[in-house]
Amino acid sequence: MLILLSLSGVVWIALALRQLNLVTTEGQDAFTFIKMTTLALPNMMGLIAPVALLVAVIHTLNRLSGDSELIVLTASGASSWTITRPLLVLGAIVAMAVSFVNHVGMPWSLKLLREYVIQMRSDLIGQVIQPGRFSSMEGGLTIHIRERSQDGRLLGLVMHDTRDPKVATSYLAETGTLIKQQGQPYLLMQDGHVLRRANPPVEPPQIIEFQSYVVDLERFEPKTGHVELKPRERYFRELAYPAANDPDFLRQPGQFRAELHERFANPFYALAFVLLAVAFIGRAQSTRQNRSEAIAAAGAVSMGARVGGLAANNLVVIDEKWVPVLYGLPLGLIIVGLMMIQFGGRTNRPPWLRPRIDAALETVTRFLPKLPWGRAGKDKLTTSSPGAARRPT
């Protein structure tokens, strides 16, 4: 848990630095900033949790070896499975937690994050407009105020809208008040002017003076009949059984396929990392032996397989024939780890393997004398050599 929290903190800092403009340019408060960056964390848990488990298992096994506890366990007759069993239980818990996050936690958090983003863009009340600064809700829409009064009114308001390429509209008002009626945001401006200028300027600009002017802020948000949901924002049913007329699925079916299989494949890496760590580091060794090479090998193989899984996920987007590779990498690591644990530390061969090895050795022994460099050829060369009698056998 400590390693998981540490890695999550590092990732959270990276996300916070990317979203720092929420506070600096868009004027969001610290609570909104923390809330939005934290909601993005479950999106990375599929990568963070197995890596944290790998680091924890390697650290634990290295401590057991450094304190000679692995030697004591082996001397008392314990097998490698005595050490592997509790770590596999921990790996299974992590795998189930990753599965829960993939299918429930991640879609829920990303959908909630999208709602916050939409609310910030469409609701000026939730956005703190800083006096003396030009705040941009979106491209082409800029707002500036001279100051904010204690009762919340906006003094010296300037709002410039150039999103329409044919008309540029500017609103200037002495005061502005943000109000809500039936959930709809409005801006009430008083004592000002509206300036409209065509682009290109084929006619003089229009200037309208007003004492009171109400602007519906909803119209400043681009209206679309369909809200696009990314594959990671969808639950299992939405990924596995999308609507036949879903425009997102029709536009990017490969993304849906890759996301669905990735959610089922990446929990297996937790079990694979545990087995690889035990296979490389879980055998008893003298404390004088250097284990850094084994630790490096376990980390390199695990991280190489995970990077390969991410590459396979990108290939699945292009062609569905790569789907078996997506599952084959973690399952292959699990099989390799089981075989290394079962046979890697044995001094005696299992009974079923001994006859096969003996038969293979006997075949090789019969075949070698027939070769020019075999026993018969060597004897012939030794006999015909002038110094054969003086050569030691």
# chains A, B, ... in the order shown; residues from 1 in each chain; ligands from 1

call {"tool": "select_by_dssp", "arguments": {"residues": "range 104-328 of chain A", "states": "helix (DSSP H, G or I)", "output": "PDB file with N, CA and C atoms, in the first residue's frame"}}
result
ATOM      1  N   VAL A 104     -15.662  -0.650 -13.395  1.00  0.00           N
ATOM      2  CA  VAL A 104     -16.595   0.198 -12.652  1.00  0.00           C
ATOM      3  C   VAL A 104     -15.968   1.550 -12.304  1.00  0.00           C
ATOM      4  N   GLY A 105     -14.833   1.519 -11.621  1.00  0.00           N
ATOM      5  CA  GLY A 105     -14.247   2.752 -11.110  1.00  0.00           C
ATOM      6  C   GLY A 105     -13.810   3.715 -12.193  1.00  0.00           C
ATOM      7  N   MET A 106     -13.108   3.216 -13.202  1.00  0.00           N
ATOM      8  CA  MET A 106     -12.595   4.098 -14.247  1.00  0.00           C
ATOM      9  C   MET A 106     -13.705   4.746 -15.069  1.00  0.00           C
ATOM     10  N   PRO A 107     -14.701   3.983 -15.588  1.00  0.00           N
ATOM     11  CA  PRO A 107     -15.780   4.664 -16.331  1.00  0.00           C
ATOM     12  C   PRO A 107     -16.547   5.674 -15.479  1.00  0.00           C
ATOM     13  N   TRP A 108     -16.803   5.321 -14.221  1.00  0.00           N
ATOM     14  CA  TRP A 108     -17.536   6.244 -13.350  1.00  0.00           C
ATOM     15  C   TRP A 108     -16.762   7.537 -13.136  1.00  0.00           C
ATOM     16  N   SER A 109     -15.471   7.437 -12.832  1.00  0.00           N
ATOM     17  CA  SER A 109     -14.673   8.636 -12.554  1.00  0.00           C
ATOM     18  C   SER A 109     -14.503   9.495 -13.799  1.00  0.00           C
ATOM     19  N   LEU A 110     -14.289   8.876 -14.954  1.00  0.00           N
ATOM     20  CA  LEU A 110     -14.100   9.659 -16.175  1.00  0.00           C
ATOM     21  C   LEU A 110     -15.392  10.333 -16.616  1.00  0.00           C
ATOM     22  N   LYS A 111     -16.534   9.666 -16.420  1.00  0.00           N
ATOM     23  CA  LYS A 111     -17.802  10.315 -16.742  1.00  0.00           C
ATOM     24  C   LYS A 111     -18.062  11.495 -15.813  1.00  0.00           C
ATOM     25  N   LEU A 112     -17.766  11.322 -14.526  1.00  0.00           N
ATOM     26  CA  LEU A 112     -17.943  12.425 -13.587  1.00  0.00           C
ATOM     27  C   LEU A 112     -16.993  13.570 -13.916  1.00  0.00           C
ATOM     28  N   LEU A 113     -15.769  13.235 -14.315  1.00  0.00           N
ATOM     29  CA  LEU A 113     -14.816  14.262 -14.710  1.00  0.00           C
ATOM     30  C   LEU A 113     -15.317  15.032 -15.933  1.00  0.00           C
ATOM     31  N   ARG A 114     -15.895  14.324 -16.891  1.00  0.00           N
ATOM     32  CA  ARG A 114     -16.443  14.992 -18.078  1.00  0.00           C
ATOM     33  C   ARG A 114     -17.576  15.948 -17.685  1.00  0.00           C
ATOM     34  N   GLU A 115     -18.422  15.535 -16.743  1.00  0.00           N
ATOM     35  CA  GLU A 115     -19.505  16.414 -16.304  1.00  0.00           C
ATOM     36  C   GLU A 115     -18.966  17.687 -15.670  1.00  0.00           C
ATOM     37  N   TYR A 116     -17.891  17.564 -14.879  1.00  0.00           N
ATOM     38  CA  TYR A 116     -17.296  18.754 -14.283  1.00  0.00           C
ATOM     39  C   TYR A 116     -16.724  19.687 -15.347  1.00  0.00           C
ATOM     40  N   VAL A 117     -16.079  19.103 -16.359  1.00  0.00           N
ATOM     41  CA  VAL A 117     -15.496  19.919 -17.421  1.00  0.00           C
ATOM     42  C   VAL A 117     -16.590  20.655 -18.186  1.00  0.00           C
ATOM     43  N   ILE A 118     -17.669  19.933 -18.523  1.00  0.00           N
ATOM     44  CA  ILE A 118     -18.778  20.572 -19.239  1.00  0.00           C
ATOM     45  C   ILE A 118     -19.412  21.669 -18.389  1.00  0.00           C
ATOM     46  N   GLN A 119     -19.546  21.404 -17.091  1.00  0.00           N
ATOM     47  CA  GLN A 119     -20.135  22.398 -16.198  1.00  0.00           C
ATOM     48  C   GLN A 119     -19.269  23.644 -16.127  1.00  0.00           C
ATOM     49  N   MET A 120     -17.949  23.472 -16.104  1.00  0.00           N
ATOM     50  CA  MET A 120     -17.063  24.624 -16.054  1.00  0.00           C
ATOM     51  C   MET A 120     -17.162  25.448 -17.328  1.00  0.00           C
ATOM     52  N   ARG A 121     -17.284  24.777 -18.461  1.00  0.00           N
ATOM     53  CA  ARG A 121     -17.307  25.507 -19.733  1.00  0.00           C
ATOM     54  C   ARG A 121     -18.651  26.180 -19.986  1.00  0.00           C
ATOM     55  N   SER A 122     -19.730  25.574 -19.496  1.00  0.00           N
ATOM     56  CA  SER A 122     -21.053  26.127 -19.797  1.00  0.00           C
ATOM     57  C   SER A 122     -21.616  26.993 -18.682  1.00  0.00           C
ATOM     58  N   LEU A 124     -20.640  30.010 -16.176  1.00  0.00           N
ATOM     59  CA  LEU A 124     -19.681  31.001 -15.719  1.00  0.00           C
ATOM     60  C   LEU A 124     -19.712  31.176 -14.206  1.00  0.00           C
ATOM     61  N   ILE A 125     -20.846  30.782 -13.558  1.00  0.00           N
ATOM     62  CA  ILE A 125     -20.917  30.926 -12.108  1.00  0.00           C
ATOM     63  C   ILE A 125     -19.873  30.042 -11.436  1.00  0.00           C
ATOM     64  N   GLY A 126     -19.596  28.880 -12.016  1.00  0.00           N
ATOM     65  CA  GLY A 126     -18.600  27.975 -11.451  1.00  0.00           C
ATOM     66  C   GLY A 126     -17.187  28.355 -11.809  1.00  0.00           C
ATOM     67  N   LEU A 217     -26.192  32.480 -21.368  1.00  0.00           N
ATOM     68  CA  LEU A 217     -24.846  31.916 -21.464  1.00  0.00           C
ATOM     69  C   LEU A 217     -24.823  30.534 -22.088  1.00  0.00           C
ATOM     70  N   GLU A 218     -25.962  29.869 -22.160  1.00  0.00           N
ATOM     71  CA  GLU A 218     -25.995  28.550 -22.777  1.00  0.00           C
ATOM     72  C   GLU A 218     -25.609  28.615 -24.253  1.00  0.00           C
ATOM     73  N   ARG A 219     -25.922  29.723 -24.899  1.00  0.00           N
ATOM     74  CA  ARG A 219     -25.631  29.799 -26.327  1.00  0.00           C
ATOM     75  C   ARG A 219     -24.158  30.004 -26.598  1.00  0.00           C
ATOM     76  N   PHE A 220     -23.372  30.291 -25.575  1.00  0.00           N
ATOM     77  CA  PHE A 220     -21.938  30.426 -25.780  1.00  0.00           C
ATOM     78  C   PHE A 220     -21.229  29.087 -25.783  1.00  0.00           C
ATOM     79  N   PRO A 231     -14.006   5.384 -25.380  1.00  0.00           N
ATOM     80  CA  PRO A 231     -14.140   3.983 -24.926  1.00  0.00           C
ATOM     81  C   PRO A 231     -13.852   3.806 -23.441  1.00  0.00           C
ATOM     82  N   ARG A 232     -12.910   4.551 -22.891  1.00  0.00           N
ATOM     83  CA  ARG A 232     -12.585   4.397 -21.471  1.00  0.00           C
ATOM     84  C   ARG A 232     -13.666   4.961 -20.556  1.00  0.00           C
ATOM     85  N   GLU A 233     -14.574   5.742 -21.093  1.00  0.00           N
ATOM     86  CA  GLU A 233     -15.652   6.294 -20.301  1.00  0.00           C
ATOM     87  C   GLU A 233     -16.895   5.416 -20.333  1.00  0.00           C
ATOM     88  N   PHE A 236     -18.918  -1.942 -19.326  1.00  0.00           N
ATOM     89  CA  PHE A 236     -18.728  -3.160 -20.101  1.00  0.00           C
ATOM     90  C   PHE A 236     -19.820  -3.340 -21.152  1.00  0.00           C
ATOM     91  N   ARG A 237     -21.061  -3.152 -20.755  1.00  0.00           N
ATOM     92  CA  ARG A 237     -22.162  -3.365 -21.707  1.00  0.00           C
ATOM     93  C   ARG A 237     -22.076  -2.384 -22.875  1.00  0.00           C
ATOM     94  N   GLU A 238     -21.663  -1.167 -22.604  1.00  0.00           N
ATOM     95  CA  GLU A 238     -21.554  -0.177 -23.675  1.00  0.00           C
ATOM     96  C   GLU A 238     -20.416  -0.491 -24.631  1.00  0.00           C
ATOM     97  N   LEU A 239     -19.389  -1.203 -24.127  1.00  0.00           N
ATOM     98  CA  LEU A 239     -18.279  -1.594 -24.997  1.00  0.00           C
ATOM     99  C   LEU A 239     -18.583  -2.879 -25.757  1.00  0.00           C
ATOM    100  N   ALA A 240     -19.126  -3.865 -25.050  1.00  0.00           N
ATOM    101  CA  ALA A 240     -19.355  -5.169 -25.682  1.00  0.00           C
ATOM    102  C   ALA A 240     -20.567  -5.161 -26.594  1.00  0.00           C
ATOM    103  N   PRO A 247     -22.532   6.500 -33.378  1.00  0.00           N
ATOM    104  CA  PRO A 247     -21.538   7.114 -34.268  1.00  0.00           C
ATOM    105  C   PRO A 247     -20.106   6.936 -33.785  1.00  0.00           C
ATOM    106  N   ASP A 248     -19.901   6.893 -32.449  1.00  0.00           N
ATOM    107  CA  ASP A 248     -18.552   6.692 -31.932  1.00  0.00           C
ATOM    108  C   ASP A 248     -18.030   5.308 -32.293  1.00  0.00           C
ATOM    109  N   PHE A 249     -18.880   4.285 -32.174  1.00  0.00           N
ATOM    110  CA  PHE A 249     -18.461   2.933 -32.525  1.00  0.00           C
ATOM    111  C   PHE A 249     -18.239   2.793 -34.028  1.00  0.00           C
ATOM    112  N   LEU A 250     -19.085   3.414 -34.817  1.00  0.00           N
ATOM    113  CA  LEU A 250     -18.917   3.334 -36.268  1.00  0.00           C
ATOM    114  C   LEU A 250     -17.652   4.049 -36.720  1.00  0.00           C
ATOM    115  N   ARG A 251     -17.245   5.084 -35.989  1.00  0.00           N
ATOM    116  CA  ARG A 251     -16.051   5.829 -36.377  1.00  0.00           C
ATOM    117  C   ARG A 251     -14.765   5.149 -35.931  1.00  0.00           C
ATOM    118  N   PRO A 253     -14.234   1.521 -34.366  1.00  0.00           N
ATOM    119  CA  PRO A 253     -14.528   0.207 -33.757  1.00  0.00           C
ATOM    120  C   PRO A 253     -13.296  -0.440 -33.146  1.00  0.00           C
ATOM    121  N   GLY A 254     -12.115  -0.162 -33.706  1.00  0.00           N
ATOM    122  CA  GLY A 254     -10.896  -0.740 -33.142  1.00  0.00           C
ATOM    123  C   GLY A 254     -10.622  -0.268 -31.732  1.00  0.00           C
ATOM    124  N   GLN A 255     -10.927   0.994 -31.424  1.00  0.00           N
ATOM    125  CA  GLN A 255     -10.727   1.505 -30.069  1.00  0.00           C
ATOM    126  C   GLN A 255     -11.623   0.780 -29.064  1.00  0.00           C
ATOM    127  N   PHE A 256     -12.858   0.505 -29.465  1.00  0.00           N
ATOM    128  CA  PHE A 256     -13.772  -0.232 -28.586  1.00  0.00           C
ATOM    129  C   PHE A 256     -13.232  -1.638 -28.329  1.00  0.00           C
ATOM    130  N   ARG A 257     -12.776  -2.317 -29.395  1.00  0.00           N
ATOM    131  CA  ARG A 257     -12.268  -3.683 -29.268  1.00  0.00           C
ATOM    132  C   ARG A 257     -11.033  -3.721 -28.370  1.00  0.00           C
ATOM    133  N   ALA A 258     -10.094  -2.802 -28.589  1.00  0.00           N
ATOM    134  CA  ALA A 258      -8.869  -2.800 -27.796  1.00  0.00           C
ATOM    135  C   ALA A 258      -9.147  -2.499 -26.331  1.00  0.00           C
ATOM    136  N   GLU A 259     -10.029  -1.549 -26.056  1.00  0.00           N
ATOM    137  CA  GLU A 259     -10.333  -1.199 -24.667  1.00  0.00           C
ATOM    138  C   GLU A 259     -11.007  -2.364 -23.947  1.00  0.00           C
ATOM    139  N   LEU A 260     -11.915  -3.044 -24.622  1.00  0.00           N
ATOM    140  CA  LEU A 260     -12.620  -4.163 -23.990  1.00  0.00           C
ATOM    141  C   LEU A 260     -11.652  -5.277 -23.614  1.00  0.00           C
ATOM    142  N   HIS A 261     -10.774  -5.671 -24.531  1.00  0.00           N
ATOM    143  CA  HIS A 261      -9.844  -6.767 -24.243  1.00  0.00           C
ATOM    144  C   HIS A 261      -8.749  -6.341 -23.265  1.00  0.00           C
ATOM    145  N   GLU A 262      -8.356  -5.078 -23.297  1.00  0.00           N
ATOM    146  CA  GLU A 262      -7.344  -4.604 -22.356  1.00  0.00           C
ATOM    147  C   GLU A 262      -7.862  -4.675 -20.923  1.00  0.00           C
ATOM    148  N   ARG A 263      -9.136  -4.408 -20.720  1.00  0.00           N
ATOM    149  CA  ARG A 263      -9.692  -4.478 -19.366  1.00  0.00           C
ATOM    150  C   ARG A 263      -9.661  -5.890 -18.812  1.00  0.00           C
ATOM    151  N   PHE A 264      -9.789  -6.886 -19.671  1.00  0.00           N
ATOM    152  CA  PHE A 264      -9.738  -8.269 -19.198  1.00  0.00           C
ATOM    153  C   PHE A 264      -8.305  -8.797 -19.107  1.00  0.00           C
ATOM    154  N   ALA A 265      -7.392  -8.251 -19.904  1.00  0.00           N
ATOM    155  CA  ALA A 265      -6.037  -8.800 -19.965  1.00  0.00           C
ATOM    156  C   ALA A 265      -5.123  -8.236 -18.890  1.00  0.00           C
ATOM    157  N   PHE A 268      -4.176  -9.828 -15.315  1.00  0.00           N
ATOM    158  CA  PHE A 268      -3.298 -10.994 -15.253  1.00  0.00           C
ATOM    159  C   PHE A 268      -1.845 -10.604 -14.992  1.00  0.00           C
ATOM    160  N   TYR A 269      -1.476  -9.357 -15.258  1.00  0.00           N
ATOM    161  CA  TYR A 269      -0.088  -8.954 -15.029  1.00  0.00           C
ATOM    162  C   TYR A 269       0.254  -8.964 -13.548  1.00  0.00           C
ATOM    163  N   ALA A 270      -0.725  -8.769 -12.680  1.00  0.00           N
ATOM    164  CA  ALA A 270      -0.450  -8.834 -11.241  1.00  0.00           C
ATOM    165  C   ALA A 270       0.046 -10.226 -10.852  1.00  0.00           C
ATOM    166  N   LEU A 271      -0.636 -11.282 -11.325  1.00  0.00           N
ATOM    167  CA  LEU A 271      -0.197 -12.656 -11.038  1.00  0.00           C
ATOM    168  C   LEU A 271       1.122 -12.965 -11.729  1.00  0.00           C
ATOM    169  N   ALA A 272       1.280 -12.484 -12.964  1.00  0.00           N
ATOM    170  CA  ALA A 272       2.514 -12.762 -13.696  1.00  0.00           C
ATOM    171  C   ALA A 272       3.714 -12.124 -13.007  1.00  0.00           C
ATOM    172  N   PHE A 273       3.582 -10.901 -12.528  1.00  0.00           N
ATOM    173  CA  PHE A 273       4.696 -10.229 -11.867  1.00  0.00           C
ATOM    174  C   PHE A 273       5.083 -10.938 -10.574  1.00  0.00           C
ATOM    175  N   VAL A 274       4.091 -11.433  -9.825  1.00  0.00           N
ATOM    176  CA  VAL A 274       4.399 -12.164  -8.594  1.00  0.00           C
ATOM    177  C   VAL A 274       5.196 -13.424  -8.897  1.00  0.00           C
ATOM    178  N   LEU A 275       4.755 -14.198  -9.873  1.00  0.00           N
ATOM    179  CA  LEU A 275       5.436 -15.451 -10.193  1.00  0.00           C
ATOM    180  C   LEU A 275       6.838 -15.207 -10.737  1.00  0.00           C
ATOM    181  N   LEU A 276       7.021 -14.180 -11.559  1.00  0.00           N
ATOM    182  CA  LEU A 276       8.350 -13.879 -12.073  1.00  0.00           C
ATOM    183  C   LEU A 276       9.293 -13.444 -10.954  1.00  0.00           C
ATOM    184  N   ALA A 277       8.790 -12.623 -10.029  1.00  0.00           N
ATOM    185  CA  ALA A 277       9.645 -12.187  -8.923  1.00  0.00           C
ATOM    186  C   ALA A 277      10.071 -13.366  -8.065  1.00  0.00           C
ATOM    187  N   VAL A 278       9.152 -14.284  -7.771  1.00  0.00           N
ATOM    188  CA  VAL A 278       9.506 -15.467  -6.976  1.00  0.00           C
ATOM    189  C   VAL A 278      10.462 -16.360  -7.752  1.00  0.00           C
ATOM    190  N   ALA A 279      10.256 -16.505  -9.058  1.00  0.00           N
ATOM    191  CA  ALA A 279      11.120 -17.370  -9.865  1.00  0.00           C
ATOM    192  C   ALA A 279      12.549 -16.849  -9.904  1.00  0.00           C
ATOM    193  N   PHE A 280      12.724 -15.539  -9.972  1.00  0.00           N
ATOM    194  CA  PHE A 280      14.075 -14.981 -10.065  1.00  0.00           C
ATOM    195  C   PHE A 280      14.730 -14.783  -8.706  1.00  0.00           C
ATOM    196  N   ILE A 281      13.944 -14.448  -7.679  1.00  0.00           N
ATOM    197  CA  ILE A 281      14.539 -14.033  -6.407  1.00  0.00           C
ATOM    198  C   ILE A 281      14.131 -14.928  -5.250  1.00  0.00           C
ATOM    199  N   SER A 292      21.633  -8.632  -7.206  1.00  0.00           N
ATOM    200  CA  SER A 292      21.231  -7.476  -8.008  1.00  0.00           C
ATOM    201  C   SER A 292      20.913  -7.869  -9.443  1.00  0.00           C
ATOM    202  N   GLU A 293      21.649  -8.860  -9.984  1.00  0.00           N
ATOM    203  CA  GLU A 293      21.380  -9.287 -11.354  1.00  0.00           C
ATOM    204  C   GLU A 293      19.996  -9.935 -11.460  1.00  0.00           C
ATOM    205  N   ALA A 294      19.638 -10.761 -10.473  1.00  0.00           N
ATOM    206  CA  ALA A 294      18.326 -11.397 -10.489  1.00  0.00           C
ATOM    207  C   ALA A 294      17.216 -10.359 -10.348  1.00  0.00           C
ATOM    208  N   ILE A 295      17.417  -9.357  -9.489  1.00  0.00           N
ATOM    209  CA  ILE A 295      16.420  -8.297  -9.321  1.00  0.00           C
ATOM    210  C   ILE A 295      16.264  -7.513 -10.619  1.00  0.00           C
ATOM    211  N   ALA A 296      17.408  -7.177 -11.239  1.00  0.00           N
ATOM    212  CA  ALA A 296      17.345  -6.436 -12.500  1.00  0.00           C
ATOM    213  C   ALA A 296      16.660  -7.255 -13.590  1.00  0.00           C
ATOM    214  N   ALA A 297      16.951  -8.565 -13.619  1.00  0.00           N
ATOM    215  CA  ALA A 297      16.328  -9.421 -14.637  1.00  0.00           C
ATOM    216  C   ALA A 297      14.820  -9.505 -14.435  1.00  0.00           C
ATOM    217  N   ALA A 298      14.387  -9.662 -13.178  1.00  0.00           N
ATOM    218  CA  ALA A 298      12.948  -9.722 -12.907  1.00  0.00           C
ATOM    219  C   ALA A 298      12.253  -8.431 -13.312  1.00  0.00           C
ATOM    220  N   GLY A 299      12.864  -7.295 -12.967  1.00  0.00           N
ATOM    221  CA  GLY A 299      12.269  -6.020 -13.347  1.00  0.00           C
ATOM    222  C   GLY A 299      12.253  -5.797 -14.846  1.00  0.00           C
ATOM    223  N   ALA A 300      13.349  -6.163 -15.518  1.00  0.00           N
ATOM    224  CA  ALA A 300      13.437  -5.935 -16.962  1.00  0.00           C
ATOM    225  C   ALA A 300      12.435  -6.801 -17.722  1.00  0.00           C
ATOM    226  N   VAL A 301      12.337  -8.080 -17.337  1.00  0.00           N
ATOM    227  CA  VAL A 301      11.395  -8.966 -18.028  1.00  0.00           C
ATOM    228  C   VAL A 301       9.960  -8.502 -17.795  1.00  0.00           C
ATOM    229  N   SER A 302       9.643  -8.119 -16.570  1.00  0.00           N
ATOM    230  CA  SER A 302       8.280  -7.686 -16.263  1.00  0.00           C
ATOM    231  C   SER A 302       7.920  -6.415 -17.008  1.00  0.00           C
ATOM    232  N   MET A 303       8.812  -5.421 -16.958  1.00  0.00           N
ATOM    233  CA  MET A 303       8.510  -4.157 -17.627  1.00  0.00           C
ATOM    234  C   MET A 303       8.504  -4.323 -19.147  1.00  0.00           C
ATOM    235  N   GLY A 304       9.403  -5.181 -19.660  1.00  0.00           N
ATOM    236  CA  GLY A 304       9.383  -5.436 -21.096  1.00  0.00           C
ATOM    237  C   GLY A 304       8.082  -6.064 -21.553  1.00  0.00           C
ATOM    238  N   ALA A 305       7.572  -6.991 -20.751  1.00  0.00           N
ATOM    239  CA  ALA A 305       6.288  -7.619 -21.093  1.00  0.00           C
ATOM    240  C   ALA A 305       5.148  -6.611 -21.016  1.00  0.00           C
ATOM    241  N   ARG A 306       5.196  -5.718 -20.019  1.00  0.00           N
ATOM    242  CA  ARG A 306       4.099  -4.736 -19.912  1.00  0.00           C
ATOM    243  C   ARG A 306       4.129  -3.752 -21.068  1.00  0.00           C
ATOM    244  N   VAL A 307       5.316  -3.311 -21.451  1.00  0.00           N
ATOM    245  CA  VAL A 307       5.416  -2.428 -22.612  1.00  0.00           C
ATOM    246  C   VAL A 307       4.955  -3.153 -23.871  1.00  0.00           C
ATOM    247  N   GLY A 308       5.314  -4.448 -23.976  1.00  0.00           N
ATOM    248  CA  GLY A 308       4.824  -5.230 -25.104  1.00  0.00           C
ATOM    249  C   GLY A 308       3.307  -5.340 -25.113  1.00  0.00           C
ATOM    250  N   GLY A 309       2.697  -5.425 -23.916  1.00  0.00           N
ATOM    251  CA  GLY A 309       1.245  -5.460 -23.842  1.00  0.00           C
ATOM    252  C   GLY A 309       0.613  -4.164 -24.325  1.00  0.00           C
ATOM    253  N   LEU A 310       1.232  -3.034 -23.986  1.00  0.00           N
ATOM    254  CA  LEU A 310       0.713  -1.757 -24.479  1.00  0.00           C
ATOM    255  C   LEU A 310       0.847  -1.652 -25.996  1.00  0.00           C
ATOM    256  N   ALA A 311       1.974  -2.166 -26.522  1.00  0.00           N
ATOM    257  CA  ALA A 311       2.133  -2.165 -27.981  1.00  0.00           C
ATOM    258  C   ALA A 311       1.107  -3.079 -28.644  1.00  0.00           C
ATOM    259  N   ALA A 312       0.853  -4.238 -28.030  1.00  0.00           N
ATOM    260  CA  ALA A 312      -0.159  -5.148 -28.584  1.00  0.00           C
ATOM    261  C   ALA A 312      -1.539  -4.517 -28.553  1.00  0.00           C
ATOM    262  N   ASN A 313      -1.805  -3.711 -27.524  1.00  0.00           N
ATOM    263  CA  ASN A 313      -3.090  -3.028 -27.462  1.00  0.00           C
ATOM    264  C   ASN A 313      -3.267  -2.070 -28.639  1.00  0.00           C
ATOM    265  N   ASN A 314      -2.196  -1.387 -29.014  1.00  0.00           N
ATOM    266  CA  ASN A 314      -2.268  -0.509 -30.182  1.00  0.00           C
ATOM    267  C   ASN A 314      -2.458  -1.305 -31.468  1.00  0.00           C
ATOM    268  N   LEU A 315      -1.871  -2.498 -31.532  1.00  0.00           N
ATOM    269  CA  LEU A 315      -2.049  -3.331 -32.717  1.00  0.00           C
ATOM    270  C   LEU A 315      -3.467  -3.879 -32.806  1.00  0.00           C
ATOM    271  N   VAL A 316      -4.085  -4.150 -31.656  1.00  0.00           N
ATOM    272  CA  VAL A 316      -5.467  -4.637 -31.656  1.00  0.00           C
ATOM    273  C   VAL A 316      -6.399  -3.575 -32.230  1.00  0.00           C
ATOM    274  N   VAL A 317      -6.075  -2.305 -32.020  1.00  0.00           N
ATOM    275  CA  VAL A 317      -6.888  -1.237 -32.604  1.00  0.00           C
ATOM    276  C   VAL A 317      -6.898  -1.348 -34.123  1.00  0.00           C
ATOM    277  N   ILE A 318      -5.757  -1.740 -34.688  1.00  0.00           N
ATOM    278  CA  ILE A 318      -5.639  -1.819 -36.148  1.00  0.00           C
ATOM    279  C   ILE A 318      -6.265  -3.095 -36.684  1.00  0.00           C
ATOM    280  N   GLU A 320      -7.885  -7.126 -35.427  1.00  0.00           N
ATOM    281  CA  GLU A 320      -8.305  -7.984 -34.321  1.00  0.00           C
ATOM    282  C   GLU A 320      -7.500  -9.271 -34.223  1.00  0.00           C
ATOM    283  N   LYS A 321      -6.666  -9.581 -35.213  1.00  0.00           N
ATOM    284  CA  LYS A 321      -5.873 -10.807 -35.144  1.00  0.00           C
ATOM    285  C   LYS A 321      -4.814 -10.739 -34.051  1.00  0.00           C
ATOM    286  N   TRP A 322      -4.542  -9.531 -33.519  1.00  0.00           N
ATOM    287  CA  TRP A 322      -3.548  -9.377 -32.454  1.00  0.00           C
ATOM    288  C   TRP A 322      -4.150  -9.572 -31.074  1.00  0.00           C
ATOM    289  N   VAL A 323      -5.430  -9.869 -30.996  1.00  0.00           N
ATOM    290  CA  VAL A 323      -6.069 -10.070 -29.687  1.00  0.00           C
ATOM    291  C   VAL A 323      -5.417 -11.211 -28.900  1.00  0.00           C
ATOM    292  N   PRO A 324      -5.099 -12.375 -29.513  1.00  0.00           N
ATOM    293  CA  PRO A 324      -4.427 -13.428 -28.731  1.00  0.00           C
ATOM    294  C   PRO A 324      -3.102 -12.986 -28.132  1.00  0.00           C
ATOM    295  N   VAL A 325      -2.385 -12.085 -28.808  1.00  0.00           N
ATOM    296  CA  VAL A 325      -1.112 -11.595 -28.250  1.00  0.00           C
ATOM    297  C   VAL A 325      -1.365 -10.799 -26.977  1.00  0.00           C
ATOM    298  N   LEU A 326      -2.459 -10.059 -26.951  1.00  0.00           N
ATOM    299  CA  LEU A 326      -2.790  -9.251 -25.784  1.00  0.00           C
ATOM    300  C   LEU A 326      -2.971 -10.122 -24.539  1.00  0.00           C
ATOM    301  N   TYR A 327      -3.598 -11.290 -24.705  1.00  0.00           N
ATOM    302  CA  TYR A 327      -3.757 -12.224 -23.587  1.00  0.00           C
ATOM    303  C   TYR A 327      -2.537 -13.132 -23.424  1.00  0.00           C
ATOM    304  N   GLY A 328      -1.864 -13.420 -24.547  1.00  0.00           N
ATOM    305  CA  GLY A 328      -0.755 -14.368 -24.498  1.00  0.00           C
ATOM    306  C   GLY A 328       0.431 -13.864 -23.700  1.00  0.00           C
TER     307      GLY A 328
END

call {"tool": "select_by_dssp", "arguments": {"residues": "range 151-268 of chain A", "states": "strand (DSSP E)", "output": "PyMOL selection string"}}
result
chain A and resi 154-161+167-181+184-198+206-216

call {"tool": "closest_residue", "arguments": {"among": "A:Leu195, A:Val11, A:Ala30, A:Leu73", "to": "Leu47 in chain A", "atoms": "only C-alpha atoms"}}
result
A:Val11

call {"tool": "atom_distance", "arguments": {"atom1": "CA of Lys230 in chain A", "atom2": "CA of His103 in chain A"}}
result
14.0 Å
